[in-house]
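Chemist: Structure supplied as structure-v9.cif; contents: mmCIF, C-alpha atoms.
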data_work
#
loop_
_atom_site.label_atom_id
_atom_site.label_comp_id
_atom_site.auth_asym_id
_atom_site.auth_seq_id
_atom_site.Cartn_x
_atom_site.Cartn_y
_atom_site.Cartn_z
CA ALA A 177 0.00 0.00 0.00
CA ALA A 178 2.91 2.35 0.79
CA ARG A 179 4.26 1.80 -2.73
CA GLY A 180 0.99 2.98 -4.21
CA LEU A 181 -0.36 -0.37 -5.39
CA PRO A 182 -4.15 -0.26 -5.93
CA GLY A 183 -6.32 -1.88 -3.31
CA ARG A 184 -7.84 -4.28 -5.82
CA ARG A 185 -4.43 -5.76 -6.63
CA ILE A 186 -3.53 -6.07 -2.95
CA ALA A 187 -6.83 -7.82 -2.26
CA ARG A 188 -6.26 -10.20 -5.19
CA GLN A 189 -2.84 -11.21 -3.88
CA ALA A 190 -4.15 -11.60 -0.34
CA VAL A 191 -6.92 -13.91 -1.52
CA ARG A 192 -4.43 -15.89 -3.59
CA ARG A 193 -2.23 -16.31 -0.51
CA CYS A 194 -5.10 -17.46 1.73
CA LEU A 195 -6.83 -19.85 -0.68
CA PRO A 196 -4.30 -22.74 -0.58
CA GLY A 197 -4.92 -23.26 3.13
CA LEU A 198 -8.67 -23.46 2.53
CA LEU A 199 -8.79 -25.53 -0.64
CA PRO A 200 -8.28 -28.96 1.01
CA ASN A 201 -11.54 -28.41 2.87
CA MET A 202 -13.43 -27.79 -0.38
CA GLY A 203 -13.37 -31.50 -1.13
CA LEU A 204 -14.77 -32.14 2.34
CA PHE A 205 -17.57 -29.66 1.77
CA VAL A 206 -18.58 -31.29 -1.53
CA VAL A 207 -19.17 -34.69 0.05
CA GLY A 208 -20.50 -33.14 3.24
CA LEU A 209 -23.19 -31.29 1.31
CA THR A 210 -24.05 -34.48 -0.55
CA GLY A 211 -24.48 -36.33 2.73
CA GLY A 212 -26.35 -33.43 4.32
CA ALA A 213 -28.83 -33.52 1.46
CA VAL A 214 -30.11 -36.86 2.76
CA ALA A 215 -32.34 -35.16 5.34
CA VAL A 216 -33.72 -32.73 2.75
CA GLU A 217 -34.35 -35.55 0.26
CA GLN A 218 -36.00 -37.62 2.98
CA ILE A 219 -38.35 -34.80 4.04
CA PHE A 220 -39.39 -33.73 0.54
CA ASP A 221 -39.29 -37.21 -1.05
CA ILE A 222 -36.59 -36.28 -3.59
CA PRO A 223 -35.02 -39.33 -5.30
CA GLY A 224 -31.41 -38.13 -4.89
CA LEU A 225 -28.19 -40.07 -4.40
CA GLY A 226 -28.16 -39.68 -0.60
CA ARG A 227 -31.76 -40.78 -0.08
CA THR A 228 -31.37 -43.69 -2.48
CA THR A 229 -28.28 -44.91 -0.65
CA LEU A 230 -29.96 -44.45 2.73
CA GLN A 231 -33.00 -46.47 1.68
CA ALA A 232 -30.76 -49.15 0.20
CA ALA A 233 -28.88 -49.43 3.51
CA LEU A 234 -32.12 -49.64 5.51
CA ALA A 235 -33.46 -52.28 3.13
CA GLN A 236 -30.08 -54.10 3.05
CA ASP A 237 -29.99 -53.76 -0.73
CA LEU A 238 -26.24 -54.31 -1.05
CA PRO A 239 -25.79 -53.66 -4.81
CA VAL A 240 -27.46 -50.23 -4.64
CA LEU A 241 -25.66 -49.42 -1.36
CA GLN A 242 -22.31 -50.35 -2.90
CA ALA A 243 -23.04 -48.28 -6.02
CA GLY A 244 -24.02 -45.22 -3.96
CA THR A 245 -20.95 -45.53 -1.72
CA LEU A 246 -18.70 -45.95 -4.76
CA ALA A 247 -20.19 -42.81 -6.33
CA LEU A 248 -19.43 -40.86 -3.14
CA LEU A 249 -15.88 -42.25 -3.09
CA LEU A 250 -15.30 -41.18 -6.69
CA LEU A 251 -16.79 -37.75 -5.98
CA ALA A 252 -14.45 -37.32 -2.99
CA ALA A 253 -11.41 -38.45 -4.97
CA VAL A 254 -12.12 -36.06 -7.86
CA ALA A 255 -12.84 -33.12 -5.55
CA ALA A 256 -9.71 -33.75 -3.47
CA GLY A 257 -7.52 -34.10 -6.57
CA LEU A 258 -8.79 -30.86 -8.09
CA CYS A 259 -8.30 -28.97 -4.82
CA HIS A 260 -4.71 -30.22 -4.39
CA LEU A 261 -3.93 -29.30 -7.99
CA ALA A 262 -5.35 -25.80 -7.56
CA ALA A 263 -3.32 -25.28 -4.36
CA ARG A 264 -0.11 -26.28 -6.11
CA LEU A 265 -0.81 -23.96 -9.02
CA LEU A 266 -1.39 -21.04 -6.64
CA VAL A 267 1.75 -21.37 -4.48
CA GLY A 268 3.84 -24.05 -6.19
CA PRO A 269 6.97 -22.01 -7.09
CA ALA A 270 7.18 -20.37 -3.66
CA LEU A 271 6.79 -23.74 -1.93
CA ARG A 272 9.61 -25.29 -3.95
CA ALA A 273 11.88 -22.31 -3.25
CA ASP A 274 11.05 -22.16 0.50
CA ALA A 275 10.22 -18.49 -0.03
CA LEU A 276 6.62 -18.28 1.06
CA PRO A 277 5.65 -15.31 3.26
CA SER A 278 4.07 -16.28 6.57
CA LEU A 279 0.38 -15.78 7.13
CA HIS A 280 0.77 -15.52 10.89
CA ARG A 281 2.11 -12.06 11.56
CA PRO A 282 0.99 -9.98 14.54
CA SER A 283 -1.80 -7.61 13.61
CA THR A 284 -4.20 -5.39 15.41
CA SER A 285 -7.71 -6.65 15.94
CA THR A 286 -10.99 -4.92 16.62
CA ALA A 287 -12.83 -8.08 17.64
CA ARG A 288 -15.33 -7.42 20.39
CA ARG A 289 -16.12 -9.80 23.22
CA THR A 290 -19.67 -8.56 23.76
CA PRO A 291 -21.46 -10.76 21.14
CA PRO A 292 -20.17 -14.13 22.45
CA LEU A 293 -21.08 -13.09 25.99
CA VAL A 294 -24.61 -12.21 24.87
CA TYR A 295 -25.10 -15.48 22.96
CA GLY A 296 -23.55 -17.47 25.79
CA ALA A 297 -25.87 -15.81 28.28
CA LEU A 298 -28.90 -16.62 26.10
CA LEU A 299 -27.90 -20.27 25.83
CA LEU A 300 -27.13 -20.52 29.53
CA GLY A 301 -30.42 -18.82 30.38
CA VAL A 302 -32.41 -21.39 28.39
CA VAL A 303 -30.61 -24.25 30.16
CA VAL A 304 -30.95 -22.74 33.65
CA LEU A 305 -34.65 -21.94 33.24
CA GLY A 306 -35.50 -25.30 31.71
CA LEU A 307 -33.54 -27.75 33.85
CA PRO A 308 -35.82 -27.50 36.93
CA ARG A 309 -38.83 -28.43 34.77
CA ASP A 310 -39.85 -32.01 34.02
CA PRO A 311 -39.25 -32.82 30.32
CA LEU A 312 -41.42 -35.97 30.47
CA ALA A 313 -44.52 -34.59 32.24
CA LEU A 314 -47.61 -35.12 30.05
CA ASP A 315 -50.67 -32.89 29.94
CA THR A 316 -52.81 -33.67 26.87
CA ALA A 317 -55.15 -30.80 27.75
CA LEU A 318 -52.31 -28.40 26.87
CA ARG A 319 -51.12 -30.11 23.67
CA LEU A 320 -49.61 -27.76 21.06
CA GLN A 321 -50.24 -24.76 23.25
CA HIS A 322 -48.68 -21.52 22.04
CA PRO A 323 -45.95 -19.85 24.16
CA THR A 324 -47.20 -18.45 27.46
CA TRP A 325 -45.64 -17.30 30.73
CA ALA A 326 -46.14 -20.81 32.12
CA HIS A 327 -44.62 -22.42 29.01
CA PRO A 328 -42.30 -19.85 27.34
CA PHE A 329 -41.54 -22.17 24.39
CA GLY A 330 -45.04 -23.66 24.21
CA THR A 331 -45.86 -27.36 24.39
CA ASP A 332 -45.56 -30.29 22.00
CA ALA A 333 -48.17 -32.73 20.70
CA LEU A 334 -48.30 -34.55 24.06
CA GLY A 335 -48.49 -31.41 26.17
CA ARG A 336 -44.86 -31.61 27.33
CA ASP A 337 -43.09 -28.36 28.11
CA LEU A 338 -40.75 -27.51 25.22
CA LEU A 339 -38.48 -25.31 27.35
CA ALA A 340 -37.81 -28.25 29.64
CA ARG A 341 -37.17 -30.61 26.72
CA VAL A 342 -34.88 -28.16 24.91
CA ALA A 343 -32.90 -27.47 28.10
CA HIS A 344 -32.47 -31.12 29.05
CA GLY A 345 -31.61 -31.96 25.45
CA ALA A 346 -29.03 -29.16 25.42
CA VAL A 347 -27.08 -30.76 28.25
CA ASP A 348 -26.72 -34.06 26.39
CA THR A 349 -26.21 -32.55 22.93
CA LEU A 350 -23.77 -29.80 23.94
CA LEU A 351 -21.64 -31.96 26.21
CA LEU A 352 -21.49 -34.65 23.55
CA ALA A 353 -20.64 -32.11 20.84
CA LEU A 354 -17.90 -30.57 23.01
CA ALA A 355 -16.38 -33.99 23.73
CA ILE A 356 -16.45 -34.97 20.06
CA SER A 357 -14.93 -31.62 19.02
CA ALA A 358 -12.10 -31.99 21.56
CA VAL A 359 -11.32 -35.52 20.39
CA ALA A 360 -11.53 -34.42 16.76
CA LEU A 361 -9.15 -31.50 17.39
CA GLY A 362 -6.53 -33.70 19.05
CA THR A 363 -6.82 -36.43 16.41
CA GLY A 364 -6.87 -33.95 13.53
CA VAL A 365 -3.75 -32.11 14.70
CA LEU A 366 -1.80 -35.32 15.39
CA LEU A 367 -2.66 -36.87 12.04
CA GLY A 368 -2.29 -33.54 10.24
CA LEU A 369 1.33 -33.40 11.39
CA LEU A 370 1.84 -36.65 9.45
CA PRO A 371 0.49 -35.64 6.02
CA ARG A 372 1.80 -38.71 4.20
CA LEU A 373 -0.23 -40.92 6.53
CA SER A 374 -3.30 -38.72 6.94
CA GLY A 375 -3.68 -37.53 3.31
CA PRO A 376 -5.05 -40.76 1.78
CA LEU A 377 -6.92 -41.53 5.01
CA VAL A 378 -8.67 -38.14 4.97
CA ASP A 379 -9.72 -38.55 1.35
CA THR A 380 -11.12 -42.02 2.07
CA VAL A 381 -12.92 -41.27 5.34
CA ASN A 382 -14.31 -38.04 3.93
CA ALA A 383 -16.18 -39.99 1.27
CA LEU A 384 -18.58 -41.31 3.93
CA PRO A 385 -21.21 -38.80 5.06
CA PRO A 386 -22.32 -39.12 8.71
CA VAL A 387 -25.58 -40.80 7.68
CA LEU A 388 -23.82 -43.74 6.03
CA ALA A 389 -21.32 -43.93 8.89
CA ALA A 390 -24.24 -44.06 11.34
CA LEU A 391 -25.82 -46.85 9.33
CA LEU A 392 -22.57 -48.83 9.46
CA VAL A 393 -22.32 -48.26 13.22
CA THR A 394 -25.95 -49.29 13.61
CA ALA A 395 -25.29 -52.50 11.70
CA VAL A 396 -22.32 -53.33 13.96
CA ALA A 397 -23.32 -51.99 17.39
CA GLY A 398 -27.08 -51.58 17.07
CA ASN A 399 -29.23 -48.47 17.30
CA GLY A 400 -28.99 -46.25 20.36
CA SER A 401 -27.83 -42.95 21.79
CA ALA A 402 -24.15 -43.83 21.17
CA THR A 403 -24.66 -44.40 17.44
CA PRO A 404 -24.58 -40.72 16.36
CA ALA A 405 -21.61 -40.00 18.63
CA LEU A 406 -19.53 -42.82 17.19
CA ALA A 407 -20.49 -41.93 13.61
CA VAL A 408 -19.76 -38.20 13.95
CA ALA A 409 -16.54 -38.76 15.92
CA ALA A 410 -15.28 -41.11 13.22
CA LEU A 411 -15.56 -38.30 10.63
CA ALA A 412 -15.20 -35.02 12.54
CA TRP A 413 -11.38 -35.07 12.58
CA THR A 414 -10.96 -35.10 8.78
CA PRO A 415 -11.38 -31.35 8.02
CA LEU A 416 -9.10 -30.46 10.94
CA ALA A 417 -6.42 -32.88 9.73
CA ALA A 418 -6.68 -31.47 6.19
CA HIS A 419 -6.44 -27.91 7.52
CA THR A 420 -3.43 -28.79 9.71
CA SER A 421 -1.61 -30.48 6.81
CA ALA A 422 -2.24 -27.53 4.48
CA LEU A 423 -1.01 -24.95 7.00
CA LEU A 424 1.98 -27.08 7.98
CA HIS A 425 2.96 -27.57 4.34
CA GLN A 426 2.94 -23.84 3.75
CA GLU A 427 4.56 -22.83 7.04
CA ARG A 428 7.51 -25.14 6.40
CA ALA A 429 8.25 -23.15 3.25
CA THR A 430 8.24 -19.72 4.93
CA LEU A 431 11.37 -17.62 5.12
CA HIS A 432 11.60 -17.50 8.92
CA VAL A 433 11.40 -21.30 9.19
CA THR A 434 14.05 -21.65 6.49
CA ALA A 435 16.29 -19.19 8.38
CA THR A 436 15.73 -21.00 11.68
CA ARG A 437 16.57 -24.31 10.04
CA GLY A 438 19.71 -22.74 8.55
CA LEU A 439 20.83 -21.73 12.04
CA GLY A 440 20.90 -25.40 13.04
CA ALA A 441 17.52 -25.85 14.68
CA GLY A 442 16.33 -29.44 14.92
CA ARG A 443 12.94 -30.84 13.97
CA TRP A 444 11.59 -30.77 17.53
CA HIS A 445 12.64 -27.14 18.01
CA LEU A 446 11.06 -26.15 14.70
CA LEU A 447 7.88 -28.01 15.53
CA ARG A 448 7.58 -26.56 19.02
CA HIS A 449 8.68 -22.98 18.43
CA ALA A 450 7.79 -22.26 14.79
CA LEU A 451 5.28 -24.68 13.30
CA LEU A 452 2.84 -25.48 16.12
CA PRO A 453 2.42 -21.82 17.22
CA ALA A 454 1.47 -20.98 13.63
CA VAL A 455 -0.82 -23.96 13.05
CA LEU A 456 -2.63 -24.50 16.36
CA PRO A 457 -4.51 -21.16 16.72
CA PRO A 458 -6.29 -21.27 13.31
CA VAL A 459 -7.03 -25.00 13.63
CA THR A 460 -8.42 -24.48 17.13
CA ARG A 461 -10.66 -21.69 15.83
CA HIS A 462 -11.70 -24.05 13.01
CA ALA A 463 -12.66 -26.71 15.57
CA LEU A 464 -14.67 -24.13 17.50
CA LEU A 465 -16.45 -23.05 14.34
CA ARG A 466 -17.33 -26.66 13.60
CA LEU A 467 -18.90 -27.18 17.04
CA PRO A 468 -22.39 -26.17 15.82
CA GLY A 469 -21.89 -28.45 12.81
CA VAL A 470 -21.14 -31.36 15.15
CA ALA A 471 -24.24 -30.59 17.20
CA LEU A 472 -26.27 -30.29 13.99
CA ALA A 473 -24.89 -33.61 12.70
CA LEU A 474 -25.93 -35.29 15.96
CA ALA A 475 -29.36 -33.69 15.66
CA SER A 476 -29.67 -34.74 12.00
CA LEU A 477 -28.94 -38.38 12.83
CA GLY A 478 -31.47 -38.22 15.65
CA PHE A 479 -33.95 -36.65 13.22
CA LEU A 480 -33.50 -39.59 10.84
CA GLY A 481 -34.14 -42.06 13.67
CA LEU A 482 -30.53 -43.27 13.96
CA GLY A 483 -29.87 -41.98 17.47
CA ALA A 484 -31.75 -41.53 20.70
CA GLN A 485 -35.26 -42.92 20.87
CA PRO A 486 -38.43 -41.42 22.42
CA PRO A 487 -39.03 -40.04 24.99
CA SER A 488 -35.47 -38.64 24.97
CA PRO A 489 -35.34 -34.81 24.59
CA GLU A 490 -32.41 -34.93 22.15
CA TRP A 491 -32.60 -31.95 19.77
CA GLY A 492 -32.76 -33.95 16.56
CA LEU A 493 -35.51 -36.12 17.98
CA LEU A 494 -37.40 -32.97 19.05
CA LEU A 495 -37.28 -31.70 15.47
CA ALA A 496 -38.42 -35.07 14.10
CA GLU A 497 -41.29 -35.40 16.59
CA ASN A 498 -42.61 -31.90 15.98
CA GLN A 499 -42.09 -31.70 12.21
CA PRO A 500 -45.63 -32.98 11.40
CA TYR A 501 -47.04 -30.05 13.40
CA ALA A 502 -44.80 -27.35 11.88
CA GLU A 503 -47.69 -25.54 10.19
CA ARG A 504 -50.13 -25.79 13.08
CA ALA A 505 -47.60 -25.15 15.87
CA PRO A 506 -44.42 -23.64 14.36
CA TRP A 507 -42.98 -22.86 17.80
CA ALA A 508 -42.54 -26.58 18.39
CA VAL A 509 -39.94 -26.67 15.59
CA LEU A 510 -38.58 -23.14 15.95
CA ALA A 511 -37.57 -23.59 19.61
CA PRO A 512 -34.86 -26.27 19.10
CA ALA A 513 -33.88 -24.71 15.76
CA ALA A 514 -33.40 -21.30 17.41
CA VAL A 515 -31.19 -22.78 20.13
CA LEU A 516 -29.05 -24.42 17.44
CA ALA A 517 -28.79 -21.03 15.71
CA VAL A 518 -27.70 -19.37 18.98
CA LEU A 519 -25.05 -22.07 19.41
CA GLY A 520 -23.76 -21.34 15.91
CA ALA A 521 -23.62 -17.59 16.57
CA LEU A 522 -21.79 -18.23 19.85
CA ALA A 523 -19.15 -20.37 18.12
CA VAL A 524 -18.57 -17.86 15.31
CA THR A 525 -18.26 -14.83 17.58
CA ALA A 526 -16.10 -16.72 20.10
CA ALA A 527 -13.72 -17.75 17.31
CA GLY A 528 -13.43 -14.11 16.24
CA SER A 529 -12.68 -13.04 19.81
CA MET A 530 -10.08 -15.78 20.12
CA GLN A 531 -8.36 -14.52 16.98
CA GLY A 532 -8.26 -10.99 18.38
CA ALA A 533 -6.82 -12.23 21.69
CA ASN A 534 -4.09 -14.17 19.86
CA ALA A 535 -3.16 -11.08 17.87
CA ARG A 536 -2.89 -8.99 21.02
CA ARG A 537 -0.67 -11.58 22.72
CA GLU A 538 1.61 -11.69 19.65
CA LEU A 539 1.91 -7.91 19.66
CA ALA A 540 2.78 -7.94 23.37
CA ALA A 541 5.42 -10.62 22.78
CA ARG A 542 7.00 -8.55 19.99
#
Could you take the file, read its structure, and then write that structure out as structure tokens?
Modeler:
Amino acid sequence: AARGLPGRRIARQAVRRCLPGLLPNMGLFVVGLTGGAVAVEQIFDIPGLGRTTLQAALAQDLPVLQAGTLALLLLAAVAAGLCHLAARLLVGPALRADALPSLHRPSTSTARRTPPLVYGALLLGVVVLGLPRDPLALDTALRLQHPTWAHPFGTDALGRDLLARVAHGAVDTLLLALAISAVALGTGVLLGLLPRLSGPLVDTVNALPPVLAALLVTAVAGNGSATPALAVAALAWTPLAAHTSALLHQERATLHVTATRGLGAGRWHLLRHALLPAVLPPVTRHALLRLPGVALALASLGFLGLGAQPPSPEWGLLLAENQPYAERAPWAVLAPAAVLAVLGALAVTAAGSMQGANARRELAAR
């Protein structure tokens, strides 16, 4: 900017520098969207690939199930290959010359901590107000009652208090999502530091959407509350491992790492003092951003009947139970959906605040 370069050119180069670290996740998004379409296809009776494969698995139609899984594998392989090729075209010469500028320089941040505190307070308020209530108490005289002071979220088709069911379901869903995210972060970072081992494994595991993984777990361990957790945990580490490998690959080629290596630093010193400090903060923020996705994946599997069974107040099961009454009593569906939205907003704003805090610590260290 000081040399008088136009802002458009600076923005173009900045985007070009950031894209290679994001491209490996594009392949994950392609298959993830395909798997996520299963719920939409199931609700609206659309004969898509995901719904066809799901019905084949439920009906134990092995030829159709194998064909659908093979199509997803091929889709994942093509998407991953194109993303890796695009990343090499963008930064290939700089990578080979070990002359890549670092992305992780100290910078000022204007991130505010107020939004995550507000969203966290809303979520905590729902849990605190709803936990003392009985989520299983039936009152058919109050079925599908609109929100009132006595029932702030209204009631469901059996007259059960929705605030109580959402709050009790939040404890199970949130704790489970946090545990899965923590395990996924640790596994993703460890495997991401070994790209030759994790690369083919990520591409293979990524080809299975959570629905198919849940079906496989159901076939082996049976249906139950642990089925969604095992299925999501088996897949949640893949985007974090891909992100870690991409950042590690680029950070190894930066000038300051090359200079440190030239001064005689060993692999452990480089890993501890140069590579991990550059890789861990963005991957941790990525894991935090994926927390709502993990909770939503658990809810989706419960919605499809592959998780907790009635009368459990699990969020996905709440959505599935109240979907037939969405037009007559929209609050029955909006209540758990709104809490999921608040969880997503909390994760996004908390990740932004974490980035600002990291920048301030780096400035203080300099």
Chemist: Evaluate the PyMOL selection byres ((chain A and resi 449-461) around 9) and record the selected residues as a short mmCIF file (atom, residue, chain, number, x, y, z; two decimals) with C-alpha atoms, in the coordinates of the input, following the chain and residue labels used in the document.
Modeler:
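Output file selection.cif is given in full below:
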data_model
loop_
_atom_site.label_atom_id
_atom_site.label_comp_id
_atom_site.auth_asym_id
_atom_site.auth_seq_id
_atom_site.Cartn_x
_atom_site.Cartn_y
_atom_site.Cartn_z
CA SER A 278 4.07 -16.28 6.57
CA LEU A 279 0.38 -15.78 7.13
CA HIS A 280 0.77 -15.52 10.89
CA LEU A 361 -9.15 -31.50 17.39
CA GLY A 364 -6.87 -33.95 13.53
CA VAL A 365 -3.75 -32.11 14.70
CA LEU A 416 -9.10 -30.46 10.94
CA ALA A 417 -6.42 -32.88 9.73
CA HIS A 419 -6.44 -27.91 7.52
CA THR A 420 -3.43 -28.79 9.71
CA LEU A 423 -1.01 -24.95 7.00
CA LEU A 424 1.98 -27.08 7.98
CA GLU A 427 4.56 -22.83 7.04
CA ARG A 428 7.51 -25.14 6.40
CA HIS A 432 11.60 -17.50 8.92
CA VAL A 433 11.40 -21.30 9.19
CA THR A 436 15.73 -21.00 11.68
CA TRP A 444 11.59 -30.77 17.53
CA HIS A 445 12.64 -27.14 18.01
CA LEU A 446 11.06 -26.15 14.70
CA LEU A 447 7.88 -28.01 15.53
CA ARG A 448 7.58 -26.56 19.02
CA HIS A 462 -11.70 -24.05 13.01
CA ALA A 463 -12.66 -26.71 15.57
CA LEU A 464 -14.67 -24.13 17.50
CA LEU A 465 -16.45 -23.05 14.34
CA ARG A 466 -17.33 -26.66 13.60
CA ALA A 523 -19.15 -20.37 18.12
CA VAL A 524 -18.57 -17.86 15.31
CA ALA A 526 -16.10 -16.72 20.10
CA ALA A 527 -13.72 -17.75 17.31
CA GLY A 528 -13.43 -14.11 16.24
CA MET A 530 -10.08 -15.78 20.12
CA GLN A 531 -8.36 -14.52 16.98
CA ASN A 534 -4.09 -14.17 19.86
#
Chemist: Can you measure atom CA of A:Val303 to atom CA of A:Thr324 for me? One decimal in Å is fine.
Modeler: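 These two atoms are separated by 17.8 Å.
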Chemist: So, counting all atoms listed in the file, which residue among A:Gln242, A:Gln485, A:Thr414, A:Gln321 is closest to A:Gly362?
Modeler: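 Looking at the shortest contact to A:Gly362, the residue is A:Thr414.
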Chemist: Mind working out the centre and edge lengths of an axis-aligned box for stretch 361-369 of chain A, all listed atoms inside, 4 Å added to each side, rounded to one decimal in Å and written as lines of an AutoDock Vina configuration file?
Modeler:
center_x = -3.9
center_y = -34.2
center_z = 14.6
size_x = 18.5
size_y = 13.4
size_z = 16.8
Chemist: I'd like to know which of A:Ala422, A:Val267, A:Leu339, A:Val509 is closest to A:Ala326, using only C-alpha atoms.
Modeler: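 That would be A:Leu339, the residue with the smallest distance to A:Ala326.
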Chemist: For A:Thr316, work out the shell of residues within 9 Å, counting only C-alpha atoms and skipping chain neighbours fewer than 5 positions away, then give it as a list of chain:residue names.
Modeler: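 Near A:Thr316, the qualifying residues are A:Ala333, A:Leu334, A:Gly335, A:Arg336.
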Chemist: Out of A:Asp337, A:Asp315, A:Glu503, A:Glu217, which residue has the shortest atom-to-atom distance to A:Pro489 when counting all atoms listed in the file?
Modeler: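 For A:Pro489, the nearest of the candidates is A:Asp337.
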Chemist: Could you list as number ranges by chain every residue that has an atom within 9 Å of (-31.5, -27.1, 28.8), using the file's coordinates and counting all atoms listed in the file?
Modeler: A: 299-307, 339-348
Chemist: Taking all atoms listed in the file into account, which of A:Ala247, A:Leu352, A:Leu370, A:Ala263 comes nearest A:Leu406?
Modeler: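 Checking each of A:Ala247, A:Leu352, A:Leu370, A:Ala263 against A:Leu406, counting all atoms listed in the file, the winner is A:Leu352.
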Chemist: Using only C-alpha atoms for the distances, tell me which of A:Val378, A:Ala405, A:Leu198, A:Ala243 is nearest to A:Leu354.
Modeler: A:Ala405
Chemist: I'd like the neighbourhood of A:Pro512 as number ranges by chain, where a residue qualifies if any of its atoms comes within 8 Å (using all atoms listed in the file), though same-chain residues fewer than 2 positions away should be ignored.
Modeler: A: 342, 491, 494-495, 508-510, 514-516
Chemist: Tell me, in Å to one decimal, how far atom CA of A:Leu265 is from atom CA of A:Leu199.
Modeler: 11.7 Å
